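Coordinates from run16.cif are shown below (mmCIF, C-alpha atoms (C1' of nucleotides)).
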```cif
data_model
loop_
_atom_site.label_atom_id
_atom_site.label_comp_id
_atom_site.auth_asym_id
_atom_site.auth_seq_id
_atom_site.Cartn_x
_atom_site.Cartn_y
_atom_site.Cartn_z
CA MET A 1 -6.50 -17.73 17.91
CA PRO A 2 -8.98 -14.93 17.24
CA ALA A 3 -11.46 -15.42 14.46
CA THR A 4 -10.14 -12.36 12.71
CA VAL A 5 -6.79 -14.00 12.05
CA ARG A 6 -6.78 -16.05 8.86
CA ALA A 7 -4.26 -18.53 7.55
CA THR A 8 -4.55 -17.01 4.09
CA ASN A 9 -5.51 -13.72 2.56
CA ARG A 10 -7.23 -15.32 -0.42
CA GLY A 11 -10.89 -15.84 -1.15
CA PRO A 12 -13.94 -13.62 -0.84
CA ALA A 13 -13.81 -13.42 2.96
CA ALA A 14 -10.31 -11.98 3.01
CA ALA A 15 -11.16 -8.70 1.31
CA ALA A 16 -11.91 -6.81 4.50
CA ASP A 17 -8.73 -8.06 6.17
CA ASN A 18 -6.61 -7.09 3.19
CA ARG A 19 -8.16 -3.67 3.07
CA ARG A 20 -7.38 -3.12 6.70
CA ALA A 21 -3.81 -4.39 6.29
CA LEU A 22 -3.32 -1.99 3.40
CA LEU A 23 -4.62 0.93 5.45
CA ASP A 24 -2.38 0.04 8.40
CA SER A 25 0.73 -0.26 6.25
CA ALA A 26 -0.09 2.87 4.31
CA ARG A 27 -0.63 4.88 7.47
CA ARG A 28 2.73 3.80 8.81
CA LEU A 29 4.67 4.27 5.58
CA PHE A 30 3.08 7.64 4.83
CA ALA A 31 4.24 8.71 8.28
CA GLU A 32 7.72 7.24 7.95
CA ARG A 33 8.50 8.07 4.35
CA GLY A 34 6.11 10.87 3.42
CA TYR A 35 3.21 11.19 1.04
CA ARG A 36 5.26 10.12 -1.98
CA VAL A 37 6.11 6.65 -0.70
CA PRO A 38 5.84 4.10 -3.58
CA LEU A 39 2.53 2.29 -3.63
CA ASN A 40 4.15 -1.08 -4.27
CA ALA A 41 6.09 -0.64 -1.02
CA ILE A 42 2.76 -0.34 0.74
CA ALA A 43 1.43 -3.47 -0.92
CA ARG A 44 4.57 -5.41 -0.02
CA ASP A 45 4.47 -4.19 3.57
CA ALA A 46 0.82 -5.18 3.86
CA GLY A 47 1.62 -8.63 2.48
CA VAL A 48 -0.80 -8.35 -0.43
CA GLY A 49 -0.29 -8.18 -4.18
CA GLN A 50 -0.25 -5.04 -6.26
CA GLY A 51 -3.59 -6.05 -7.73
CA SER A 52 -5.29 -6.00 -4.37
CA LEU A 53 -3.95 -2.57 -3.58
CA TYR A 54 -5.24 -1.05 -6.81
CA ARG A 55 -8.55 -2.89 -6.53
CA HIS A 56 -9.23 -1.46 -3.08
CA PHE A 57 -7.73 1.97 -3.76
CA PRO A 58 -7.52 2.89 -7.44
CA THR A 59 -5.36 5.98 -6.81
CA ARG A 60 -2.93 7.25 -4.20
CA LEU A 61 -5.47 9.91 -3.35
CA ASP A 62 -8.16 7.30 -2.58
CA LEU A 63 -5.81 5.55 -0.20
CA ALA A 64 -4.69 8.76 1.50
CA PHE A 65 -8.26 10.01 1.82
CA ALA A 66 -9.24 6.77 3.53
CA ILE A 67 -6.35 7.06 5.98
CA PHE A 68 -6.66 10.70 6.91
CA GLU A 69 -10.43 10.56 7.14
CA ASP A 70 -9.65 9.25 10.63
CA ASN A 71 -7.72 12.44 11.40
CA TYR A 72 -10.56 14.65 10.32
CA ALA A 73 -13.18 12.56 12.06
CA GLU A 74 -11.25 12.73 15.32
CA LEU A 75 -10.73 16.48 15.03
CA GLU A 76 -14.43 16.92 14.29
CA ARG A 77 -15.34 14.80 17.27
CA ILE A 78 -13.10 16.84 19.59
CA ALA A 79 -14.38 20.13 18.16
CA GLU A 80 -17.93 19.01 18.81
CA GLU A 81 -17.66 17.29 22.16
CA ASP A 82 -15.06 19.35 23.99
CA THR A 83 -16.60 22.74 24.69
CA GLY A 84 -15.17 23.45 28.14
CA PRO A 85 -12.55 26.04 29.09
CA GLY A 86 -9.34 25.65 27.07
CA ALA A 87 -11.11 23.51 24.50
CA PHE A 88 -9.70 25.47 21.59
CA LEU A 89 -6.14 25.02 22.73
CA ARG A 90 -6.68 21.29 23.19
CA LEU A 91 -8.07 20.99 19.68
CA TRP A 92 -5.15 22.99 18.30
CA ARG A 93 -2.65 20.81 20.14
CA HIS A 94 -4.30 17.73 18.75
CA LEU A 95 -3.97 19.10 15.24
CA ILE A 96 -0.25 19.72 15.81
CA GLU A 97 0.10 16.23 17.20
CA LEU A 98 -1.49 14.72 14.10
CA THR A 99 0.85 16.75 11.91
CA LEU A 100 3.86 15.61 13.91
CA GLY A 101 2.62 12.05 13.46
CA SER A 102 2.48 12.37 9.68
CA THR A 103 3.33 15.33 7.51
CA ALA A 104 1.49 13.47 4.76
CA PHE A 105 -1.63 14.84 6.45
CA VAL A 106 -0.69 18.27 5.10
CA GLU A 107 0.85 17.03 1.87
CA LEU A 108 -2.37 15.25 1.01
CA ALA A 109 -4.35 18.48 1.33
CA VAL A 110 -1.88 20.23 -0.99
CA GLU A 111 -2.00 17.37 -3.47
CA ALA A 112 -5.79 17.17 -3.38
CA ARG A 113 -6.07 20.86 -4.21
CA ARG A 114 -3.56 20.53 -7.04
CA GLU A 115 -5.01 17.30 -8.42
CA LEU A 116 -8.73 17.86 -7.96
CA ALA A 117 -8.68 21.66 -8.30
CA ASP A 118 -11.17 21.57 -5.47
CA PRO A 119 -10.45 23.53 -2.29
CA SER A 120 -13.13 21.74 -0.25
CA TYR A 121 -10.68 19.27 1.24
CA GLY A 122 -8.47 21.98 2.66
CA ASP A 123 -11.50 23.96 3.74
CA ARG A 124 -12.57 21.10 5.94
CA LEU A 125 -9.95 22.08 8.50
CA LEU A 126 -11.23 25.66 8.51
CA ARG A 127 -14.78 24.46 9.20
CA ILE A 128 -13.56 22.31 12.08
CA LEU A 129 -11.71 25.20 13.71
CA GLU A 130 -14.50 27.76 13.28
CA GLY A 131 -16.75 26.81 16.20
CA PRO A 132 -14.05 26.23 18.83
CA LEU A 133 -12.25 29.44 17.82
CA ALA A 134 -15.45 31.48 18.11
CA ARG A 135 -16.18 30.01 21.53
CA ALA A 136 -12.63 30.67 22.73
CA GLN A 137 -12.90 34.25 21.53
CA ALA A 138 -16.26 34.66 23.28
CA ALA A 139 -14.56 33.45 26.46
CA ALA A 140 -11.68 35.88 25.82
CA GLU A 141 -9.23 32.98 25.70
CA VAL A 142 -7.73 34.10 22.41
CA ASP A 143 -7.37 37.37 20.51
CA ALA A 144 -10.68 38.41 18.97
CA ALA A 145 -8.91 39.46 15.75
CA LEU A 146 -7.74 35.92 15.04
CA THR A 147 -9.36 34.16 12.06
CA VAL A 148 -9.50 30.52 11.01
CA GLU A 149 -7.36 31.51 8.01
CA ASP A 150 -4.70 32.68 10.45
CA LEU A 151 -4.86 29.30 12.13
CA ALA A 152 -4.56 27.43 8.85
CA LEU A 153 -1.56 29.59 8.01
CA ALA A 154 -0.01 28.88 11.40
CA HIS A 155 -0.63 25.17 10.80
CA ARG A 156 1.29 25.34 7.53
CA MET A 157 4.08 27.19 9.29
CA ILE A 158 4.36 24.36 11.79
CA TYR A 159 4.35 21.93 8.89
CA GLY A 160 7.31 23.78 7.39
CA VAL A 161 9.27 23.38 10.58
CA ILE A 162 8.48 19.68 10.90
CA VAL A 163 9.19 18.78 7.29
CA THR A 164 12.59 20.48 7.29
CA GLN A 165 13.65 18.75 10.50
CA PRO A 166 15.92 15.73 9.98
CA ASP A 167 14.18 13.36 12.40
CA ALA A 168 10.90 12.90 14.22
CA ILE A 169 12.36 13.38 17.69
CA SER A 170 13.86 16.77 17.04
CA ALA A 171 10.77 17.72 15.02
CA ARG A 172 8.70 17.70 18.19
CA SER A 173 10.90 20.17 20.02
CA ALA A 174 11.30 22.32 16.92
CA ALA A 175 7.52 22.47 16.51
CA SER A 176 7.24 23.39 20.16
CA ARG A 177 9.70 26.24 19.72
CA ALA A 178 7.85 27.37 16.62
CA LEU A 179 4.54 27.41 18.48
CA ARG A 180 6.04 29.62 21.15
CA LEU A 181 7.40 31.90 18.45
CA ILE A 182 3.95 32.20 16.91
CA GLY A 183 2.29 32.62 20.26
CA ARG A 184 4.52 35.40 21.48
CA GLY A 185 5.56 37.05 18.30
CA LEU A 186 9.08 38.06 17.43
CA SER A 187 8.47 41.60 18.62
CA TRP A 188 10.03 43.53 15.85
CA GLN A 189 8.74 46.27 13.62
CA GLU A 190 7.01 44.84 10.58
CA GLU A 191 4.76 47.47 9.04
CA PRO A 192 1.37 46.30 7.76
CA THR A 193 1.05 45.76 4.03
CA MET B 194 27.86 39.53 -32.83
CA PRO B 195 29.51 39.45 -29.40
CA ALA B 196 32.46 37.20 -28.98
CA THR B 197 30.65 35.26 -26.24
CA VAL B 198 27.99 34.01 -28.66
CA ARG B 199 29.09 30.88 -30.48
CA ALA B 200 27.58 29.09 -33.41
CA THR B 201 28.16 25.75 -31.71
CA ASN B 202 28.58 24.46 -28.21
CA ARG B 203 31.22 21.91 -29.20
CA GLY B 204 34.94 21.98 -28.75
CA PRO B 205 37.23 22.90 -25.88
CA ALA B 206 36.29 26.59 -25.90
CA ALA B 207 32.58 25.89 -25.38
CA ALA B 208 32.90 24.42 -21.89
CA ALA B 209 32.46 27.70 -20.03
CA ASP B 210 29.41 28.67 -22.10
CA ASN B 211 27.80 25.29 -21.55
CA ARG B 212 28.43 25.48 -17.86
CA ARG B 213 26.78 28.87 -17.66
CA ALA B 214 23.80 27.70 -19.75
CA LEU B 215 23.37 24.75 -17.40
CA LEU B 216 23.43 27.01 -14.35
CA ASP B 217 20.92 29.41 -15.89
CA SER B 218 18.51 26.65 -16.84
CA ALA B 219 18.91 24.89 -13.52
CA ARG B 220 18.24 28.07 -11.59
CA ARG B 221 15.04 28.65 -13.50
CA LEU B 222 13.80 25.07 -13.39
CA PHE B 223 14.61 24.64 -9.70
CA ALA B 224 12.52 27.75 -9.08
CA GLU B 225 9.66 26.68 -11.35
CA ARG B 226 9.49 22.97 -10.58
CA GLY B 227 11.25 22.57 -7.26
CA TYR B 228 14.44 20.89 -6.13
CA ARG B 229 13.40 17.50 -7.53
CA VAL B 230 13.19 18.59 -11.15
CA PRO B 231 14.65 15.87 -13.45
CA LEU B 232 18.25 16.54 -14.39
CA ASN B 233 17.71 15.62 -18.01
CA ALA B 234 15.06 18.36 -18.21
CA ILE B 235 17.76 20.81 -17.18
CA ALA B 236 20.16 19.49 -19.82
CA ARG B 237 17.48 19.74 -22.51
CA ASP B 238 16.51 23.25 -21.44
CA ALA B 239 20.15 24.34 -21.53
CA GLY B 240 20.55 22.84 -24.99
CA VAL B 241 23.37 20.51 -23.99
CA GLY B 242 23.63 16.75 -23.79
CA GLN B 243 23.26 14.64 -20.67
CA GLY B 244 26.95 13.93 -20.77
CA SER B 245 27.87 17.59 -20.46
CA LEU B 246 25.55 18.04 -17.52
CA TYR B 247 27.08 15.16 -15.58
CA ARG B 248 30.60 16.17 -16.56
CA HIS B 249 30.17 19.67 -15.17
CA PHE B 250 28.05 18.67 -12.18
CA PRO B 251 28.39 15.01 -11.17
CA THR B 252 25.46 15.15 -8.74
CA ARG B 253 22.32 17.18 -8.20
CA LEU B 254 23.90 18.54 -5.06
CA ASP B 255 26.90 19.88 -6.97
CA LEU B 256 24.61 21.72 -9.33
CA ALA B 257 22.41 23.10 -6.57
CA PHE B 258 25.41 24.21 -4.51
CA ALA B 259 26.76 26.12 -7.49
CA ILE B 260 23.42 27.85 -8.03
CA PHE B 261 22.61 28.81 -4.47
CA GLU B 262 26.12 29.91 -3.73
CA ASP B 263 24.93 33.14 -5.35
CA ASN B 264 22.15 33.43 -2.77
CA TYR B 265 24.55 33.02 0.13
CA ALA B 266 27.12 35.35 -1.37
CA GLU B 267 24.51 38.05 -1.83
CA LEU B 268 23.18 37.63 1.70
CA GLU B 269 26.73 37.78 3.04
CA ARG B 270 27.43 40.91 1.06
CA ILE B 271 24.29 42.61 2.39
CA ALA B 272 25.03 41.51 5.95
CA GLU B 273 28.51 42.97 5.70
CA GLU B 274 27.88 46.19 3.80
CA ASP B 275 24.52 47.33 5.08
CA THR B 276 24.98 48.33 8.71
CA GLY B 277 22.70 51.36 8.89
CA PRO B 278 19.37 51.63 10.75
CA GLY B 279 16.89 48.93 9.72
CA ALA B 280 19.65 46.87 8.17
CA PHE B 281 18.54 43.70 9.88
CA LEU B 282 15.01 43.96 8.54
CA ARG B 283 16.33 44.58 5.02
CA LEU B 284 18.50 41.50 5.24
CA TRP B 285 15.59 39.46 6.55
CA ARG B 286 13.33 40.68 3.77
CA HIS B 287 15.95 39.73 1.23
CA LEU B 288 16.11 36.23 2.65
CA ILE B 289 12.33 35.93 2.36
CA GLU B 290 12.50 37.23 -1.20
CA LEU B 291 15.07 34.59 -2.14
CA THR B 292 12.88 31.91 -0.60
CA LEU B 293 9.85 33.16 -2.52
CA GLY B 294 11.99 33.05 -5.64
CA SER B 295 12.92 29.42 -5.14
CA THR B 296 11.89 27.07 -2.37
CA ALA B 297 14.70 24.85 -3.62
CA PHE B 298 16.93 27.19 -1.62
CA VAL B 299 15.53 25.62 1.54
CA GLU B 300 15.09 22.14 0.13
CA LEU B 301 18.75 22.05 -0.80
CA ALA B 302 19.77 22.77 2.79
CA VAL B 303 17.53 19.94 4.00
CA GLU B 304 18.88 17.58 1.36
CA ALA B 305 22.50 18.54 2.08
CA ARG B 306 22.06 17.77 5.76
CA ARG B 307 20.40 14.44 4.97
CA GLU B 308 22.84 13.44 2.26
CA LEU B 309 26.11 14.74 3.66
CA ALA B 310 25.23 14.40 7.37
CA ASP B 311 26.97 17.72 7.74
CA PRO B 312 25.11 20.65 9.32
CA SER B 313 27.61 23.27 8.13
CA TYR B 314 25.58 24.16 5.07
CA GLY B 315 22.52 25.03 7.12
CA ASP B 316 24.66 26.79 9.70
CA ARG B 317 25.87 29.19 7.07
CA LEU B 318 22.58 31.06 7.29
CA LEU B 319 22.92 31.35 11.05
CA ARG B 320 26.38 32.85 10.70
CA ILE B 321 25.10 35.38 8.19
CA LEU B 322 22.30 36.52 10.46
CA GLU B 323 24.40 36.73 13.63
CA GLY B 324 26.08 40.10 13.12
CA PRO B 325 23.09 42.04 11.78
CA LEU B 326 20.84 40.61 14.51
CA ALA B 327 23.30 41.62 17.25
CA ARG B 328 23.57 45.12 15.81
CA ALA B 329 19.77 45.45 15.57
CA GLN B 330 19.45 44.31 19.16
CA ALA B 331 22.11 46.80 20.27
CA ALA B 332 20.06 49.51 18.53
CA ALA B 333 16.91 48.18 20.26
CA GLU B 334 15.33 47.52 16.88
CA VAL B 335 14.40 43.95 17.75
CA ASP B 336 13.69 42.00 20.93
CA ALA B 337 16.93 41.25 22.80
CA ALA B 338 15.74 37.71 23.55
CA LEU B 339 15.68 36.78 19.88
CA THR B 340 18.30 34.28 18.68
CA VAL B 341 19.54 33.34 15.24
CA GLU B 342 17.99 29.92 15.84
CA ASP B 343 14.63 31.64 16.22
CA LEU B 344 15.20 33.35 12.91
CA ALA B 345 16.13 30.11 11.18
CA LEU B 346 12.98 28.56 12.61
CA ALA B 347 10.91 31.50 11.39
CA HIS B 348 12.50 31.09 7.97
CA ARG B 349 11.42 27.47 7.83
CA MET B 350 7.94 28.50 8.90
CA ILE B 351 7.76 30.89 5.97
CA TYR B 352 9.03 28.10 3.75
CA GLY B 353 6.14 25.91 4.91
CA VAL B 354 3.64 28.56 3.94
CA ILE B 355 5.18 29.09 0.51
CA VAL B 356 5.56 25.44 -0.37
CA THR B 357 1.95 24.60 0.50
CA GLN B 358 0.62 27.47 -1.58
CA PRO B 359 -0.69 26.46 -5.02
CA ASP B 360 0.96 29.25 -7.03
CA ALA B 361 3.75 31.80 -6.79
CA ILE B 362 1.47 34.84 -6.85
CA SER B 363 -0.61 33.80 -3.86
CA ALA B 364 2.54 32.58 -2.13
CA ARG B 365 3.78 36.14 -1.81
CA SER B 366 0.67 37.38 -0.02
CA ALA B 367 0.51 34.25 2.12
CA ALA B 368 4.13 34.75 3.17
CA SER B 369 3.35 38.36 3.96
CA ARG B 370 0.45 37.33 6.18
CA ALA B 371 2.64 34.73 7.84
CA LEU B 372 5.32 37.31 8.55
CA ARG B 373 2.77 39.55 10.23
CA LEU B 374 1.54 36.58 12.25
CA ILE B 375 5.08 35.89 13.43
CA GLY B 376 5.77 39.54 14.08
CA ARG B 377 2.72 40.16 16.19
CA GLY B 378 2.08 36.81 17.70
CA LEU B 379 -1.24 35.09 17.92
CA SER B 380 -1.78 36.35 21.46
CA TRP B 381 -3.03 33.26 23.11
CA GLN B 382 -1.94 31.37 26.16
CA GLU B 383 0.77 28.87 25.32
CA GLU B 384 2.62 27.89 28.46
CA PRO B 385 6.40 27.48 28.20
CA THR B 386 7.71 23.95 27.90
"C1'" DC C 387 -19.12 -32.57 -3.93
"C1'" DG C 388 -18.98 -29.57 -7.62
"C1'" DC C 389 -19.92 -24.94 -9.21
"C1'" DT C 390 -19.46 -20.13 -9.23
"C1'" DA C 391 -18.83 -15.49 -7.81
"C1'" DA C 392 -15.50 -12.91 -5.54
"C1'" DC C 393 -11.09 -12.20 -4.81
"C1'" DC C 394 -5.85 -12.64 -4.90
"C1'" DG C 395 -0.75 -12.53 -6.48
"C1'" DG C 396 2.66 -11.33 -9.14
"C1'" DA C 397 4.23 -11.07 -13.85
"C1'" DC C 398 4.40 -7.67 -17.10
"C1'" DA C 399 4.18 -3.57 -20.20
"C1'" DG C 400 4.85 1.28 -20.18
"C1'" DG C 401 7.07 5.25 -18.83
"C1'" DA C 402 10.30 8.07 -16.32
"C1'" DT C 403 14.89 9.05 -14.55
"C1'" DC C 404 19.71 8.23 -13.64
"C1'" DG C 405 24.34 7.88 -14.89
"C1'" DT C 406 27.67 6.03 -18.31
"C1'" DC C 407 29.99 5.34 -22.51
"C1'" DC C 408 31.91 6.17 -26.90
"C1'" DG C 409 31.95 7.91 -31.63
"C1'" DG C 410 32.17 12.44 -33.24
"C1'" DT C 411 33.49 17.54 -33.09
"C1'" DT C 412 36.46 21.58 -32.30
"C1'" DA C 413 40.45 24.85 -31.10
"C1'" DG C 414 44.93 25.53 -31.03
"C1'" DC C 415 49.45 24.24 -32.02
"C1'" DT C 416 53.10 22.52 -35.03
"C1'" DA D 417 47.19 20.88 -43.37
"C1'" DG D 418 47.56 17.53 -39.81
"C1'" DC D 419 47.53 16.21 -35.04
"C1'" DT D 420 45.83 15.99 -30.49
"C1'" DA D 421 43.77 17.16 -26.18
"C1'" DA D 422 39.51 18.67 -24.59
"C1'" DC D 423 34.99 18.45 -25.02
"C1'" DC D 424 30.17 17.25 -26.74
"C1'" DG D 425 25.67 14.62 -27.77
"C1'" DG D 426 22.59 11.33 -27.27
"C1'" DA D 427 22.07 6.37 -27.31
"C1'" DC D 428 21.87 3.00 -23.92
"C1'" DG D 429 21.53 -0.15 -19.82
"C1'" DA D 430 19.93 -0.10 -15.19
"C1'" DT D 431 16.58 0.99 -11.89
"C1'" DC D 432 12.31 2.33 -10.18
"C1'" DC D 433 7.39 3.15 -10.17
"C1'" DT D 434 2.71 2.76 -12.02
"C1'" DG D 435 -1.28 0.40 -13.34
"C1'" DT D 436 -3.22 -3.72 -15.72
"C1'" DC D 437 -4.18 -8.39 -16.68
"C1'" DC D 438 -5.00 -13.15 -16.07
"C1'" DG D 439 -4.29 -17.76 -14.17
"C1'" DG D 440 -5.08 -19.42 -9.72
"C1'" DT D 441 -7.48 -19.62 -4.98
"C1'" DT D 442 -11.35 -19.61 -1.71
"C1'" DA D 443 -16.06 -19.47 0.59
"C1'" DG D 444 -20.51 -20.52 0.28
"C1'" DC D 445 -24.33 -22.75 -1.71
"C1'" DG D 446 -27.21 -26.21 -4.05
#
```
Represent the structure from my file as structure tokens, please.
Amino acid sequence: MPATVRATNRGPAAAADNRRALLDSARRLFAERGYRVPLNAIARDAGVGQGSLYRHFPTRLDLAFAIFEDNYAELERIAEEDTGPGAFLRLWRHLIELTLGSTAFVELAVEARRELADPSYGDRLLRILEGPLARAQAAAEVDAALTVEDLALAHRMIYGVIVTQPDAISARSAASRALRLIGRGLSWQEEPT
Amino acid sequence: MPATVRATNRGPAAAADNRRALLDSARRLFAERGYRVPLNAIARDAGVGQGSLYRHFPTRLDLAFAIFEDNYAELERIAEEDTGPGAFLRLWRHLIELTLGSTAFVELAVEARRELADPSYGDRLLRILEGPLARAQAAAEVDAALTVEDLALAHRMIYGVIVTQPDAISARSAASRALRLIGRGLSWQEEPT
DNA sequence: CGCTAACCGGACAGGATCGTCCGGTTAGCT
DNA sequence: AGCTAACCGGACGATCCTGTCCGGTTAGCG
């Protein structure tokens, strides 16, 4: 039996384990039931008391930040390390994949802006996309007129498709169709505003 | 004083007035606070008791159906009556305008499918768009490859943009940008799946 | 072995929402 | 006027969620 497995989750040494169990359960339940999943459901799923949940993460936002920090860190890592041909498209695909995995990723950003009245959390995605987009444009891989704001908008469009889809399986193909729609354009006459 | 204004909302003759007041309040609160607005808030706003609300509309779905029936009826009327040049685009714009007016319009369709396990409510939009799209394609106004499913997908994409926007004013310009993005395409290489 | 700091569980109070129930009100008819 | 069917209001019980509080548990140390 590995040393990390304990017979009990009590005592000073159990704090780290409980924290990790809470994060694991929260990640799964956010994905399965959305950002608004009850916090006590998370505590129950993690096998810890309500007290422990609120001690480790005083608010829903604290918990969600801790979970989706992983998403951002991974995107930042990819944006930094992958600079070869097609790197932008790989980064973009990864972002879509994360969104398919949990729409709470987007809902958190919306909630953070509403709750904290601070746009910095949403801006983080823009900063991640900036470098790779510029490099892809320099390599003529994507339209030079494209901006990171366009990408963020496209991301929210994909979110809309996923969140209105009844199940995760069909969400993937719907998102795929939506990406093609964005990529090719509907080819109709929409005059500029 | 018009005959329709009553000093009281009691008695047998008041039922119709109360029903209308409930619909008016619900329409406004659904638009302002989203599909999940508390039902008792609607009753309070309409100036009627909880009992009257539940008597007229046993479930949230009943109330929402009654409200958004107007949206569908209006779209159907436009689709039927307006057959001149550019008719399709006018219909499409009207759909976007309704969605800007109340995202609950979309959320209801999602909820109805989840709750009733019946896709007919969502399909109603497809049926409305069918004729005008075919006519626009016959007139070479829009790409012949476009399907009503594409349009429904695009509609949900616009919904995603609106619902993640912090306020109604900025939602309009964001939706406008999104529409241009869809119309022109991002012009990058996304291979078909 | 006993003490203590750190930590845990779950009961609990507070607050929100749902849906029901029944005493009270009204219009119209006799 | 009196009666009755139709309708209304809001109190109320049930349920759910949040966030706190405190008696109980554990690891490590002298």
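Going from CA of Phe65 (chain A) to CA of Val299 (chain B) covers 28.5 Å.
Put simply, the PyMOL selection byres ((chain B and resi 298) around 9) in this file takes in Phe223, Ala224, Tyr228, Ala257, Phe261, Asn264, Leu291, Thr292, Gly294, Ser295, Thr296, Ala297, Val299, Glu300, Leu301 and Ala302 of chain B.
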**Report entry** Hits from the PyMOL selection byres ((chain C and resi 396) around 9), listed as a list of chain:residue names
**Finding:** A:Gly49, A:Gln50, A:Gly51, C:DG395, C:DA397, C:DC398
Query - Point-to-point distance from CA of Glu76 (chain A) to CA of Gly34 (chain A), Å rounded to tenths - result: 24.0 Å
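Taken over the shown file, the PyMOL selection byres ((chain A) within 12 of (chain C)) identifies A:Thr8, A:Asn9, A:Arg10, A:Gly11, A:Pro12, A:Ala13, A:Ala14, A:Ala15, A:Ala16, A:Asp17, A:Asn18, A:Arg19, A:Asn40, A:Ala43, A:Arg44, A:Gly47, A:Val48, A:Gly49, A:Gln50, A:Gly51, A:Ser52, A:Leu53, A:Tyr54, A:Arg55, A:His56.
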Report task. Pull out every residue of chain D that has at least one atom within 7 Å of chain B, counting all atoms listed in the file, and report them as a VMD selection string. Result -> chain D and resid 422 to 426
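Reported to one decimal place, the separation of CA of Arg229 (chain B) from CA of Ala168 (chain A) is 22.4 Å.
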Might I get the box with edges along x, y and z of the file that holds all atoms of region 149-163 of chain A listed there, padded by 4 Å on every side, given as centre and edge lengths in Å to one decimal, as AutoDock Vina command-line options?
```
--center_x 1.0 --center_y 25.7 --center_z 9.7 --size_x 24.6 --size_y 21.9 --size_z 12.8
```
Query - Counting all atoms listed in the file, chain B residues within 9 Å of chain A, as a PyMOL selection string - result: chain B and resi 282+299-300+302-303+306-307+334-336+339+343-344+346-359+367+369-386
Requested in this report: Skip Leu125 (chain A) itself and residues of its chain fewer than 2 positions away, then list as a PyMOL selection string all residues within 9 Å of it, counting only C-alpha atoms (C1' of nucleotides).
Outcome: chain A and resi 72+75-76+121-123+127-130+148+152
Please save C-alpha atoms of the selected residues as a JSON list (two decimals), in the coordinates of the input.
```json
[["chain", "number", "residue", "atom", "x", "y", "z"],
["A", 72, "TYR", "CA", -10.56, 14.65, 10.32],
["A", 75, "LEU", "CA", -10.73, 16.48, 15.03],
["A", 76, "GLU", "CA", -14.43, 16.92, 14.29],
["A", 121, "TYR", "CA", -10.68, 19.27, 1.24],
["A", 122, "GLY", "CA", -8.47, 21.98, 2.66],
["A", 123, "ASP", "CA", -11.50, 23.96, 3.74],
["A", 127, "ARG", "CA", -14.78, 24.46, 9.20],
["A", 128, "ILE", "CA", -13.56, 22.31, 12.08],
["A", 129, "LEU", "CA", -11.71, 25.20, 13.71],
["A", 130, "GLU", "CA", -14.50, 27.76, 13.28],
["A", 148, "VAL", "CA", -9.50, 30.52, 11.01],
["A", 152, "ALA", "CA", -4.56, 27.43, 8.85]]
```
My structure is short of atoms at region 285-295 of chain B; please model N, CA and C atoms there, returning them as a CSV table (one decimal), in the coordinates of the input.
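The file below, rebuild17.csv, is the result:
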```csv
chain,number,residue,atom,x,y,z
B,285,TRP,N,16.6,40.5,6.3
B,285,TRP,CA,15.6,39.5,6.6
B,285,TRP,C,14.6,39.4,5.4
B,286,ARG,N,14.2,40.6,4.9
B,286,ARG,CA,13.3,40.7,3.8
B,286,ARG,C,14.0,40.1,2.5
B,287,HIS,N,15.3,40.3,2.4
B,287,HIS,CA,16.0,39.7,1.2
B,287,HIS,C,16.0,38.2,1.3
B,288,LEU,N,16.2,37.7,2.5
B,288,LEU,CA,16.1,36.2,2.6
B,288,LEU,C,14.7,35.7,2.3
B,289,ILE,N,13.7,36.4,2.7
B,289,ILE,CA,12.3,35.9,2.4
B,289,ILE,C,12.1,36.0,0.8
B,290,GLU,N,12.6,37.1,0.3
B,290,GLU,CA,12.5,37.2,-1.2
B,290,GLU,C,13.2,36.1,-2.0
B,291,LEU,N,14.4,35.7,-1.5
B,291,LEU,CA,15.1,34.6,-2.1
B,291,LEU,C,14.3,33.3,-2.0
B,292,THR,N,13.6,33.1,-0.8
B,292,THR,CA,12.9,31.9,-0.6
B,292,THR,C,11.6,31.9,-1.4
B,293,LEU,N,11.0,33.1,-1.6
B,293,LEU,CA,9.8,33.2,-2.5
B,293,LEU,C,10.3,32.8,-3.9
B,294,GLY,N,11.5,33.3,-4.3
B,294,GLY,CA,12.0,33.0,-5.6
B,294,GLY,C,12.2,31.6,-5.9
B,295,SER,N,12.6,30.8,-4.9
B,295,SER,CA,12.9,29.4,-5.1
B,295,SER,C,12.9,28.7,-3.8
```
